[in-house]
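A.B. asks: Sharing input_18.cif here; it has mmCIF, N, CA and C atoms.
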```cif
data_input
#
loop_
_atom_site.group_PDB
_atom_site.id
_atom_site.type_symbol
_atom_site.label_atom_id
_atom_site.label_comp_id
_atom_site.auth_asym_id
_atom_site.auth_seq_id
_atom_site.Cartn_x
_atom_site.Cartn_y
_atom_site.Cartn_z
ATOM 1 N N MET A 137 -52.285 -2.626 26.870
ATOM 2 C CA MET A 137 -52.461 -1.357 26.209
ATOM 3 C C MET A 137 -53.108 -0.348 27.139
ATOM 4 N N ALA A 138 -54.024 -0.795 27.967
ATOM 5 C CA ALA A 138 -54.728 0.106 28.875
ATOM 6 C C ALA A 138 -53.764 0.671 29.917
ATOM 7 N N THR A 139 -52.826 -0.158 30.355
ATOM 8 C CA THR A 139 -51.871 0.346 31.348
ATOM 9 C C THR A 139 -50.939 1.377 30.739
ATOM 10 N N THR A 140 -50.623 1.230 29.470
ATOM 11 C CA THR A 140 -49.756 2.190 28.808
ATOM 12 C C THR A 140 -50.454 3.536 28.689
ATOM 13 N N GLN A 141 -51.722 3.536 28.328
ATOM 14 C CA GLN A 141 -52.461 4.784 28.216
ATOM 15 C C GLN A 141 -52.638 5.437 29.587
ATOM 16 N N ALA A 142 -52.875 4.626 30.600
ATOM 17 C CA ALA A 142 -53.034 5.175 31.950
ATOM 18 C C ALA A 142 -51.724 5.773 32.434
ATOM 19 N N THR A 143 -50.614 5.121 32.143
ATOM 20 C CA THR A 143 -49.309 5.645 32.532
ATOM 21 C C THR A 143 -49.027 6.944 31.800
ATOM 22 N N LYS A 144 -49.378 6.992 30.513
ATOM 23 C CA LYS A 144 -49.157 8.198 29.726
ATOM 24 C C LYS A 144 -49.985 9.351 30.269
ATOM 25 N N MET A 145 -51.221 9.097 30.616
ATOM 26 C CA MET A 145 -52.084 10.153 31.155
ATOM 27 C C MET A 145 -51.578 10.632 32.513
ATOM 28 N N ASN A 146 -51.087 9.725 33.339
ATOM 29 C CA ASN A 146 -50.544 10.108 34.647
ATOM 30 C C ASN A 146 -49.303 10.969 34.485
ATOM 31 N N SER A 147 -48.418 10.623 33.541
ATOM 32 C CA SER A 147 -47.197 11.409 33.350
ATOM 33 C C SER A 147 -47.533 12.781 32.784
ATOM 34 N N GLU A 148 -48.541 12.878 31.899
ATOM 35 C CA GLU A 148 -48.954 14.176 31.382
ATOM 36 C C GLU A 148 -49.550 15.034 32.486
ATOM 37 N N ALA A 149 -50.273 14.435 33.369
ATOM 38 C CA ALA A 149 -50.884 15.184 34.470
ATOM 39 C C ALA A 149 -49.813 15.698 35.430
ATOM 40 N N GLN A 150 -48.759 14.926 35.604
ATOM 41 C CA GLN A 150 -47.688 15.366 36.493
ATOM 42 C C GLN A 150 -46.869 16.491 35.864
ATOM 43 N N GLU A 151 -46.755 16.497 34.536
ATOM 44 C CA GLU A 151 -45.974 17.520 33.858
ATOM 45 C C GLU A 151 -46.653 18.873 33.898
ATOM 46 N N ARG A 152 -47.975 18.897 33.799
ATOM 47 C CA ARG A 152 -48.709 20.162 33.766
ATOM 48 C C ARG A 152 -49.216 20.499 35.159
ATOM 49 N N PRO A 153 -48.784 21.621 35.714
ATOM 50 C CA PRO A 153 -49.333 22.012 37.014
ATOM 51 C C PRO A 153 -50.770 22.489 36.849
ATOM 52 N N GLU A 154 -51.567 22.275 37.867
ATOM 53 C CA GLU A 154 -52.962 22.699 37.839
ATOM 54 C C GLU A 154 -53.042 24.210 37.928
ATOM 55 N N ARG A 155 -53.845 24.809 37.026
ATOM 56 C CA ARG A 155 -54.065 26.250 37.032
ATOM 57 C C ARG A 155 -55.536 26.508 37.324
ATOM 58 N N PRO A 156 -55.809 27.636 37.968
ATOM 59 C CA PRO A 156 -57.222 27.991 38.139
ATOM 60 C C PRO A 156 -57.881 28.223 36.784
ATOM 61 N N LEU A 157 -59.173 28.031 36.726
ATOM 62 C CA LEU A 157 -59.894 28.198 35.466
ATOM 63 C C LEU A 157 -59.784 29.626 34.966
ATOM 64 N N GLY A 158 -59.627 29.795 33.664
ATOM 65 C CA GLY A 158 -59.558 31.114 33.065
ATOM 66 C C GLY A 158 -58.156 31.708 33.049
ATOM 67 N N GLN A 159 -57.201 31.037 33.640
ATOM 68 C CA GLN A 159 -55.835 31.567 33.661
ATOM 69 C C GLN A 159 -55.036 30.909 32.543
ATOM 70 N N ARG A 160 -54.369 31.751 31.713
ATOM 71 C CA ARG A 160 -53.591 31.232 30.600
ATOM 72 C C ARG A 160 -52.189 30.860 31.050
ATOM 73 N N GLU A 161 -51.561 30.007 30.249
ATOM 74 C CA GLU A 161 -50.170 29.632 30.504
ATOM 75 C C GLU A 161 -49.272 30.786 30.076
ATOM 76 N N ARG A 162 -48.277 31.089 30.890
ATOM 77 C CA ARG A 162 -47.350 32.184 30.582
ATOM 78 C C ARG A 162 -46.359 31.746 29.526
ATOM 79 N N PRO A 163 -45.973 32.682 28.644
ATOM 80 C CA PRO A 163 -44.930 32.340 27.661
ATOM 81 C C PRO A 163 -43.589 32.097 28.367
ATOM 82 N N ALA A 164 -42.732 31.354 27.698
ATOM 83 C CA ALA A 164 -41.432 30.994 28.288
ATOM 84 C C ALA A 164 -40.594 32.230 28.576
ATOM 85 N N TRP A 165 -40.627 33.228 27.669
ATOM 86 C CA TRP A 165 -39.826 34.436 27.888
ATOM 87 C C TRP A 165 -40.287 35.182 29.127
ATOM 88 N N LEU A 166 -41.583 35.160 29.405
ATOM 89 C CA LEU A 166 -42.095 35.831 30.602
ATOM 90 C C LEU A 166 -41.695 35.068 31.865
ATOM 91 N N GLU A 167 -41.705 33.744 31.766
ATOM 92 C CA GLU A 167 -41.263 32.930 32.916
ATOM 93 C C GLU A 167 -39.803 33.224 33.233
ATOM 94 N N ARG A 168 -38.951 33.312 32.189
ATOM 95 C CA ARG A 168 -37.530 33.616 32.412
ATOM 96 C C ARG A 168 -37.367 35.009 33.013
ATOM 97 N N LEU A 169 -38.158 35.952 32.525
ATOM 98 C CA LEU A 169 -38.077 37.323 33.023
ATOM 99 C C LEU A 169 -38.497 37.391 34.497
ATOM 100 N N LEU A 170 -39.555 36.691 34.838
ATOM 101 C CA LEU A 170 -40.029 36.715 36.224
ATOM 102 C C LEU A 170 -39.107 35.934 37.152
ATOM 103 N N ASP A 171 -38.334 35.003 36.578
ATOM 104 C CA ASP A 171 -37.405 34.197 37.374
ATOM 105 C C ASP A 171 -36.071 34.915 37.576
ATOM 106 N N TYR A 172 -35.873 36.051 36.905
ATOM 107 C CA TYR A 172 -34.598 36.769 36.966
ATOM 108 C C TYR A 172 -34.176 37.144 38.384
ATOM 109 N N PRO A 173 -35.040 37.724 39.228
ATOM 110 C CA PRO A 173 -34.576 38.086 40.588
ATOM 111 C C PRO A 173 -34.046 36.891 41.383
ATOM 112 N N ARG A 174 -34.697 35.729 41.240
ATOM 113 C CA ARG A 174 -34.230 34.549 41.973
ATOM 114 C C ARG A 174 -32.865 34.103 41.459
ATOM 115 N N ARG A 175 -32.700 34.121 40.117
ATOM 116 C CA ARG A 175 -31.413 33.724 39.542
ATOM 117 C C ARG A 175 -30.313 34.713 39.898
ATOM 118 N N ALA A 176 -30.640 36.003 39.911
ATOM 119 C CA ALA A 176 -29.638 37.022 40.269
ATOM 120 C C ALA A 176 -29.223 36.868 41.728
ATOM 121 N N ARG A 177 -30.175 36.616 42.613
ATOM 122 C CA ARG A 177 -29.859 36.422 44.038
ATOM 123 C C ARG A 177 -28.965 35.189 44.220
ATOM 124 N N LYS A 178 -29.292 34.104 43.499
ATOM 125 C CA LYS A 178 -28.479 32.887 43.593
ATOM 126 C C LYS A 178 -27.066 33.149 43.088
ATOM 127 N N PHE A 179 -26.941 33.882 41.968
ATOM 128 C CA PHE A 179 -25.627 34.208 41.416
ATOM 129 C C PHE A 179 -24.798 35.005 42.421
ATOM 130 N N LEU A 180 -25.403 36.019 43.036
ATOM 131 C CA LEU A 180 -24.666 36.838 43.997
ATOM 132 C C LEU A 180 -24.258 36.040 45.235
ATOM 133 N N GLN A 181 -25.100 35.110 45.650
ATOM 134 C CA GLN A 181 -24.723 34.246 46.775
ATOM 135 C C GLN A 181 -23.526 33.377 46.414
ATOM 136 N N GLU A 182 -23.517 32.862 45.184
ATOM 137 C CA GLU A 182 -22.385 32.037 44.746
ATOM 138 C C GLU A 182 -21.112 32.871 44.623
ATOM 139 N N VAL A 183 -21.246 34.104 44.147
ATOM 140 C CA VAL A 183 -20.084 34.988 44.054
ATOM 141 C C VAL A 183 -19.519 35.250 45.437
ATOM 142 N N ARG A 184 -20.389 35.522 46.383
ATOM 143 C CA ARG A 184 -19.933 35.788 47.751
ATOM 144 C C ARG A 184 -19.209 34.574 48.333
ATOM 145 N N ALA A 185 -19.745 33.379 48.086
ATOM 146 C CA ALA A 185 -19.099 32.161 48.584
ATOM 147 C C ALA A 185 -17.727 31.979 47.935
ATOM 148 N N GLU A 186 -17.605 32.243 46.630
ATOM 149 C CA GLU A 186 -16.315 32.119 45.952
ATOM 150 C C GLU A 186 -15.320 33.151 46.456
ATOM 151 N N MET A 187 -15.782 34.365 46.706
ATOM 152 C CA MET A 187 -14.876 35.420 47.174
ATOM 153 C C MET A 187 -14.292 35.086 48.550
ATOM 154 N N LYS A 188 -15.013 34.325 49.347
ATOM 155 C CA LYS A 188 -14.480 33.910 50.645
ATOM 156 C C LYS A 188 -13.346 32.905 50.483
ATOM 157 N N LEU A 189 -13.305 32.223 49.322
ATOM 158 C CA LEU A 189 -12.262 31.224 49.084
ATOM 159 C C LEU A 189 -10.999 31.832 48.481
ATOM 160 N N VAL A 190 -11.064 33.078 48.050
ATOM 161 C CA VAL A 190 -9.923 33.721 47.401
ATOM 162 C C VAL A 190 -8.824 33.993 48.427
ATOM 163 N N VAL A 191 -7.587 33.693 48.042
ATOM 164 C CA VAL A 191 -6.434 34.017 48.878
ATOM 165 C C VAL A 191 -5.842 35.300 48.327
ATOM 166 N N TRP A 192 -6.021 36.390 49.061
ATOM 167 C CA TRP A 192 -5.568 37.695 48.596
ATOM 168 C C TRP A 192 -4.083 37.862 48.873
ATOM 169 N N PRO A 193 -3.337 38.525 47.962
ATOM 170 C CA PRO A 193 -1.895 38.707 48.163
ATOM 171 C C PRO A 193 -1.621 39.707 49.286
ATOM 172 N N SER A 194 -0.446 39.562 49.876
ATOM 173 C CA SER A 194 -0.058 40.509 50.926
ATOM 174 C C SER A 194 0.384 41.815 50.279
ATOM 175 N N TRP A 195 0.531 42.859 51.106
ATOM 176 C CA TRP A 195 0.928 44.164 50.591
ATOM 177 C C TRP A 195 2.321 44.109 49.957
ATOM 178 N N SER A 196 3.212 43.344 50.542
ATOM 179 C CA SER A 196 4.563 43.267 49.967
ATOM 180 C C SER A 196 4.540 42.543 48.620
ATOM 181 N N GLU A 197 3.707 41.527 48.465
ATOM 182 C CA GLU A 197 3.589 40.845 47.173
ATOM 183 C C GLU A 197 3.023 41.793 46.106
ATOM 184 N N VAL A 198 2.068 42.602 46.501
ATOM 185 C CA VAL A 198 1.484 43.562 45.554
ATOM 186 C C VAL A 198 2.542 44.567 45.109
ATOM 187 N N ARG A 199 3.314 45.083 46.053
ATOM 188 C CA ARG A 199 4.362 46.049 45.709
ATOM 189 C C ARG A 199 5.402 45.442 44.790
ATOM 190 N N SER A 200 5.849 44.227 45.108
ATOM 191 C CA SER A 200 6.915 43.628 44.295
ATOM 192 C C SER A 200 6.425 43.292 42.887
ATOM 193 N N THR A 201 5.239 42.761 42.743
ATOM 194 C CA THR A 201 4.746 42.456 41.404
ATOM 195 C C THR A 201 4.440 43.734 40.622
ATOM 196 N N THR A 202 3.989 44.780 41.302
ATOM 197 C CA THR A 202 3.766 46.058 40.623
ATOM 198 C C THR A 202 5.082 46.623 40.115
ATOM 199 N N LEU A 203 6.131 46.515 40.905
ATOM 200 C CA LEU A 203 7.448 46.987 40.485
ATOM 201 C C LEU A 203 7.941 46.210 39.260
ATOM 202 N N VAL A 204 7.723 44.903 39.250
ATOM 203 C CA VAL A 204 8.130 44.089 38.102
ATOM 204 C C VAL A 204 7.375 44.531 36.852
ATOM 205 N N VAL A 205 6.087 44.791 36.972
ATOM 206 C CA VAL A 205 5.288 45.219 35.817
ATOM 207 C C VAL A 205 5.773 46.571 35.303
ATOM 208 N N ILE A 206 6.042 47.511 36.195
ATOM 209 C CA ILE A 206 6.503 48.842 35.782
ATOM 210 C C ILE A 206 7.860 48.749 35.099
ATOM 211 N N MET A 207 8.789 47.993 35.667
ATOM 212 C CA MET A 207 10.123 47.870 35.069
ATOM 213 C C MET A 207 10.055 47.175 33.705
ATOM 214 N N THR A 208 9.236 46.158 33.577
ATOM 215 C CA THR A 208 9.091 45.466 32.299
ATOM 216 C C THR A 208 8.490 46.397 31.254
ATOM 217 N N THR A 209 7.519 47.199 31.650
ATOM 218 C CA THR A 209 6.911 48.154 30.726
ATOM 219 C C THR A 209 7.933 49.169 30.239
ATOM 220 N N ILE A 210 8.760 49.685 31.138
ATOM 221 C CA ILE A 210 9.802 50.641 30.752
ATOM 222 C C ILE A 210 10.815 49.983 29.815
ATOM 223 N N LEU A 211 11.220 48.758 30.133
ATOM 224 C CA LEU A 211 12.169 48.037 29.289
ATOM 225 C C LEU A 211 11.619 47.849 27.873
ATOM 226 N N PHE A 212 10.386 47.401 27.753
ATOM 227 C CA PHE A 212 9.786 47.215 26.438
ATOM 228 C C PHE A 212 9.580 48.541 25.713
ATOM 229 N N ALA A 213 9.292 49.606 26.443
ATOM 230 C CA ALA A 213 9.130 50.919 25.810
ATOM 231 C C ALA A 213 10.439 51.345 25.149
ATOM 232 N N PHE A 214 11.567 51.200 25.852
ATOM 233 C CA PHE A 214 12.857 51.552 25.250
ATOM 234 C C PHE A 214 13.198 50.640 24.083
ATOM 235 N N PHE A 215 12.912 49.350 24.215
ATOM 236 C CA PHE A 215 13.186 48.414 23.124
ATOM 237 C C PHE A 215 12.382 48.790 21.880
ATOM 238 N N LEU A 216 11.095 49.039 22.047
ATOM 239 C CA LEU A 216 10.260 49.384 20.893
ATOM 240 C C LEU A 216 10.632 50.746 20.315
ATOM 241 N N TRP A 217 11.066 51.682 21.147
ATOM 242 C CA TRP A 217 11.534 52.969 20.659
ATOM 243 C C TRP A 217 12.766 52.760 19.768
ATOM 244 N N GLY A 218 13.690 51.910 20.203
ATOM 245 C CA GLY A 218 14.885 51.617 19.417
ATOM 246 C C GLY A 218 14.545 50.943 18.097
ATOM 247 N N VAL A 219 13.638 49.975 18.121
ATOM 248 C CA VAL A 219 13.221 49.308 16.883
ATOM 249 C C VAL A 219 12.562 50.316 15.948
ATOM 250 N N ASP A 220 11.755 51.218 16.493
ATOM 251 C CA ASP A 220 11.095 52.240 15.684
ATOM 252 C C ASP A 220 12.121 53.154 15.019
ATOM 253 N N LYS A 221 13.114 53.591 15.780
ATOM 254 C CA LYS A 221 14.143 54.471 15.217
ATOM 255 C C LYS A 221 14.950 53.756 14.141
ATOM 256 N N LEU A 222 15.330 52.506 14.371
ATOM 257 C CA LEU A 222 16.087 51.751 13.360
ATOM 258 C C LEU A 222 15.265 51.564 12.085
ATOM 259 N N SER A 223 13.994 51.210 12.237
ATOM 260 C CA SER A 223 13.166 51.019 11.044
ATOM 261 C C SER A 223 12.927 52.348 10.335
ATOM 262 N N GLU A 224 12.837 53.445 11.079
ATOM 263 C CA GLU A 224 12.686 54.768 10.465
ATOM 264 C C GLU A 224 13.910 55.100 9.610
ATOM 265 N N ARG A 225 15.086 54.833 10.158
ATOM 266 C CA ARG A 225 16.316 55.114 9.403
ATOM 267 C C ARG A 225 16.451 54.193 8.196
ATOM 268 N N ALA A 226 16.036 52.940 8.350
ATOM 269 C CA ALA A 226 16.113 51.997 7.228
ATOM 270 C C ALA A 226 15.180 52.430 6.101
ATOM 271 N N VAL A 227 13.981 52.828 6.434
ATOM 272 C CA VAL A 227 13.038 53.278 5.406
ATOM 273 C C VAL A 227 13.553 54.551 4.742
ATOM 274 N N ALA A 228 14.115 55.460 5.526
ATOM 275 C CA ALA A 228 14.656 56.702 4.959
ATOM 276 C C ALA A 228 15.816 56.395 4.008
ATOM 277 N N ALA A 229 16.674 55.450 4.373
ATOM 278 C CA ALA A 229 17.807 55.095 3.509
ATOM 279 C C ALA A 229 17.322 54.466 2.209
ATOM 280 N N VAL A 230 16.327 53.615 2.285
ATOM 281 C CA VAL A 230 15.796 52.973 1.080
ATOM 282 C C VAL A 230 15.151 54.012 0.175
ATOM 283 N N THR A 231 14.379 54.911 0.735
ATOM 284 C CA THR A 231 13.725 55.937 -0.096
ATOM 285 C C THR A 231 14.747 56.892 -0.711
ATOM 286 N N ARG A 232 15.837 57.199 0.013
ATOM 287 C CA ARG A 232 16.886 58.038 -0.568
ATOM 288 C C ARG A 232 17.587 57.325 -1.727
ATOM 289 N N TYR A 233 17.789 56.022 -1.581
ATOM 290 C CA TYR A 233 18.486 55.260 -2.593
ATOM 291 C C TYR A 233 17.673 55.186 -3.885
ATOM 292 N N PHE A 234 16.354 55.004 -3.754
ATOM 293 C CA PHE A 234 15.506 54.826 -4.933
ATOM 294 C C PHE A 234 14.882 56.143 -5.407
ATOM 295 N N ARG A 235 15.197 57.272 -4.800
ATOM 296 C CA ARG A 235 14.654 58.560 -5.217
ATOM 297 C C ARG A 235 15.249 58.921 -6.571
ATOM 298 N N PRO A 236 14.423 59.391 -7.503
ATOM 299 C CA PRO A 236 14.979 59.761 -8.803
ATOM 300 C C PRO A 236 15.878 60.984 -8.678
ATOM 301 N N HIS A 237 16.969 61.007 -9.385
ATOM 302 C CA HIS A 237 17.935 62.105 -9.295
ATOM 303 C C HIS A 237 17.635 63.158 -10.306
#
```
What would you get if you wrote out this structure as structure tokens?
C.D. replies:
Amino acid sequence: MATTQATKMNSEAQERPERPLGQRERPAWLERLLDYPRRARKFLQEVRAEMKLVVWPSWSEVRSTTLVVIMTTILFAFFLWGVDKLSERAVAAVTRYFRPH
């Protein structure tokens, strides 16, 4: 039993860092706030390392994919315009049919 209590006291002593007398323990939110610059610096370092691993497209790949996006957008614009016009005419025909005479 004595060894268990001694082990428990040793582990508690290791968990709590020694503070000078008269100094209070900081709240957790303040610790997180004060740790922010270190975490932000670490995040930016990791971002920089990841950006070095990125394989950027060539200029010709950018042009060709941009052209595909523009052409697809134009195609869908005409398709949706046609669907809009057909539905407009269908609604107009239905309202004319059911309009009281």
A.B. asks: Between atom C of Lys221 of chain A and atom CA of Leu203 of chain A, what is the spacing in Å?
C.D. replies: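 Taking atom CA of Leu203 of chain A as the start and atom C of Lys221 of chain A as the end point, the length is 28.2 Å.
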A.B. asks: Quick one: what's the axis-aligned box for segment 184-190 of chain A, all listed atoms, 4 Å on every side, centre and edges in Å to one decimal, as lines of an AutoDock Vina configuration file?
C.D. replies:
```
center_x = -14.6
center_y = 33.5
center_z = 48.3
size_x = 19.6
size_y = 12.6
size_z = 12.7
```
A.B. asks: Between atom C of Pro173 of chain A and atom C of Arg160 of chain A, measure the distance and give it in Å to one decimal.
C.D. replies: 21.7 Å
A.B. asks: Separation of atom N of Val205 of chain A and atom CA of Arg184 of chain A, in Å?
C.D. replies: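 Straight-line distance from atom N of Val205 of chain A to atom CA of Arg184 of chain A works out to 29.6 Å.
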